[in-house]
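Asker: Structure below; questions to follow.
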Amino acid sequence: MRNLETSTEKAPKPKKEKEPVVEWLLAAGHRACSGCGEALGAKLVMDAAGPNTYVATATGCLEVFSTPYPESAWRMPWIHSLFENSAAVASGIEASLIAQGRDKDVNIIAQGGDGGTADIGIGCLSGMLERGHNILYVCYDNEAYMNTGVQRSGLTPFDARTSTSPSGKLSWGNKTNKKDLPAIAAAHHIPYVATATVGYPNDLMAKVKKALSIRGPKYIQVHVPCPLGWIHPSDMTIEVAKLAVLTGLIPIYEMENGVVTKVRKIGKNRRPAEEYLKVQGRFRHLFAKGADAEEELEKIRQIAEANIKRFGLV
Amino acid sequence: MARPIGTYSKPGSSKANKTGSWRTEKPVFLHDKCTDCRICVIVCPDGIIFGADKIYDPDYDYCKGCGICAKECPVDDIKMVPEVR
């Protein structure tokens with residue numbers, strides 16, 4: 001086993017191209033499930049932002065698994081207040097740093113899960129974007145309230161089974177479509193909006209770095225698979241995240257000043273929507289024997305088709 | 001006397017909690033075909049794969065055995081074996 005201490009002690013060797021791996025800014029020992037996409041997303045975002053970062057986090061899985069009292073997995077100044085107000089707390093941090101003259105070379109990140117962003121925290125998020133604070137808001141979108149037992153949220157996709165939108169004789173799961181939150185953020189005329197996924201980690205880190213180099217409010221939505229709520233094996237996290245992109249169900253793009261400037265093209269790698277749905281237990285009812293699910297599958301195919309048309313993914 | 005509002009804890013103190021006991025399968029790094037691409041280092045949700053120069057190993061004190069590294073390794077240099085205690 002090599003860890004940080006031993007690998008830096010053996011440094012006197014002539015320098016190779018790559019430095020030894022050092023510890024990440026999100027420390028190990030946190031209580032995320034094995035294979036957690038959100039933990040992976042947070043780890044990548046924090047390392048892209050660097051140690052000079054203030055972080056405000058909404059209630060949710062991310063807050064609960066990273067800070068069981070008296071421990072904390074964060075290696076930077078970090079605060080949690082309530083479910084709805086991570087954006088407002090971050091606004092206060094920014095205002096205070098400006099008043100103290102300490103706002104140079106400092107990043108401020110507000111973050112939350114999809115529930116804390118799209119449903120409960122959307123008021124505070126909207127206020128933060130509207131007032132023009134120099135803050136990056138990161139939404140970890142695992143498509144339901146995973147921490148409290150997989151209840152549906154505004155970002156749960158169509159026909160997904162959750163504990164409050166169960167599938168059965170009278171229901172195909174979640175009746176509503178995924179809320180278009182990046183478009184809502186962009187409607188505040190902010191300089192930078194992007195979607196990313198843990199399936200493409202380098203793309204995610206590059207987007208965080210780019211966002212932090214821009215002044216003003218920024219919004220990034222990171223698609224993070226949840227093995228517990230989506231019901232897939234823990235080693236499939238990256239694969240499921242990639243399939244979501246390749247089927248066209250999760251478009252990956254960048255918007256600057258309200259205009260889509262960059263899109264991750266799928267091209268020839270496009271996969272049918274069923275491939276993404278089949279690997280997840282939350283869509284299993286669409287493939288059950290004897291179920292008349294073809295109509296529902298067609299609706300999901302239409303969603304993918306609409307995304308592909310809208311962003312020109314192929 | 002100044003009193004902090006709420007609770008606070010030391011940065012990175014979660015390392016006191018060794019999550020390695022959660023594991024049912026453990027990744028074994030074969031150090032055979034490694035191409036130094038570092039995909040395993042990046043995709044580990046706990047960030048506990050360390051090393052350099054084609055010799056990488058997980059910190060078994062914290063490895064939860066999710067198997068992402070073995071699945072994503074492009075040259076299949078990581079093997080999952082059942083944990084025996």
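We label chains A, B, ... in the order they appear in the structure tokens, count residues from 1 in each chain, and number ligands from 1 in the order shown.
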Contacts of range 22-31 of chain A at 6 Å or less, counting only C-alpha atoms, minus same-chain residues fewer than 4 places along, as JSON, numbers by chain?
Answerer: {"A": [4, 43, 47, 65, 66, 73, 74, 75], "B": [12, 14, 15, 17, 18, 19, 46]}
Asker: Please, which residues in chain B fall within 9 Å of chain A when counting only C-alpha atoms, and what is the closest atom pair and distance in Å to one decimal for each, ordered by chain then residue number, as CSV?
Answerer:
residue,atom,partner,partner_atom,distance
B:Thr7,CA,A:Tyr69,CA,8.1
B:Tyr8,CA,A:Pro70,CA,7.4
B:Ser9,CA,A:Pro70,CA,5.6
B:Lys10,CA,A:Ser72,CA,6.5
B:Pro11,CA,A:Arg75,CA,4.6
B:Gly12,CA,A:Ala73,CA,4.5
B:Ser13,CA,A:Glu71,CA,5.0
B:Ser14,CA,A:Glu71,CA,4.8
B:Lys15,CA,A:Gly29,CA,4.7
B:Ala16,CA,A:Gly29,CA,6.9
B:Asn17,CA,A:Gly29,CA,5.0
B:Lys18,CA,A:Gly29,CA,5.6
B:Thr19,CA,A:Gly29,CA,5.7
B:Gly20,CA,A:Gly29,CA,8.6
B:Trp22,CA,A:Ser34,CA,8.4
B:Arg23,CA,A:Ser34,CA,8.6
B:Val41,CA,A:Val21,CA,7.9
B:Ile42,CA,A:Pro201,CA,7.3
B:Val43,CA,A:Leu40,CA,6.8
B:Cys44,CA,A:Leu40,CA,6.8
B:Pro45,CA,A:Leu40,CA,4.1
B:Asp46,CA,A:Ala28,CA,5.3
B:Gly47,CA,A:Trp24,CA,6.1
B:Ile48,CA,A:Ala28,CA,6.7
B:Ile49,CA,A:Val21,CA,7.9
B:Phe50,CA,A:Val21,CA,5.3
B:Gly51,CA,A:Val21,CA,5.7
B:Ala52,CA,A:Pro20,CA,4.7
B:Asp53,CA,A:Lys18,CA,7.7
B:Tyr56,CA,A:Arg2,CA,7.8
B:Asp57,CA,A:Met1,CA,5.8
B:Pro58,CA,A:Met1,CA,6.9
B:Asp59,CA,A:Met1,CA,6.3
B:Tyr60,CA,A:Met1,CA,8.0
B:Asp61,CA,A:Gly29,CA,8.8
B:Tyr62,CA,A:Gly29,CA,6.1
B:Cys63,CA,A:Ser34,CA,8.6
B:Lys64,CA,A:Ser34,CA,5.5
B:Gly65,CA,A:Ser34,CA,6.7
B:Cys66,CA,A:Ser34,CA,4.9
B:Gly67,CA,A:Asp235,CA,4.7
B:Ile68,CA,A:Asp235,CA,4.3
B:Cys69,CA,A:Asp235,CA,7.9
B:Ala70,CA,A:Asp235,CA,8.1
B:Lys71,CA,A:Asp235,CA,6.4
B:Glu72,CA,A:Ile238,CA,7.8
Asker: When you draw a straight line from CA of Ile220 in chain A to CA of Val138 in chain A, how long is it in Å?
Answerer: 4.9 Å
Asker: Based on the backbone DSSP call, show me all residues of chain B assigned strand (DSSP E or B), as a list of chain:residue names.
Answerer: B:Glu25, B:Lys26, B:Pro27, B:Val28, B:Phe29, B:Ile49, B:Phe50, B:Gly51, B:Ala52, B:Ile55, B:Tyr56, B:Asp57, B:Pro58, B:Ile78, B:Lys79, B:Met80, B:Val81, B:Pro82
Asker: Just the helix (DSSP H, G or I) stuff from range 150-281 of chain A, please, per backbone DSSP, written as a count of residues only.
Answerer: 45
Asker: Work out how far apart CA of Met128 in chain A and CA of Gly112 in chain A are and give it in Å to one decimal.
Answerer: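 Atom-to-atom, CA of Met128 in chain A to CA of Gly112 in chain A, that is 13.8 Å.
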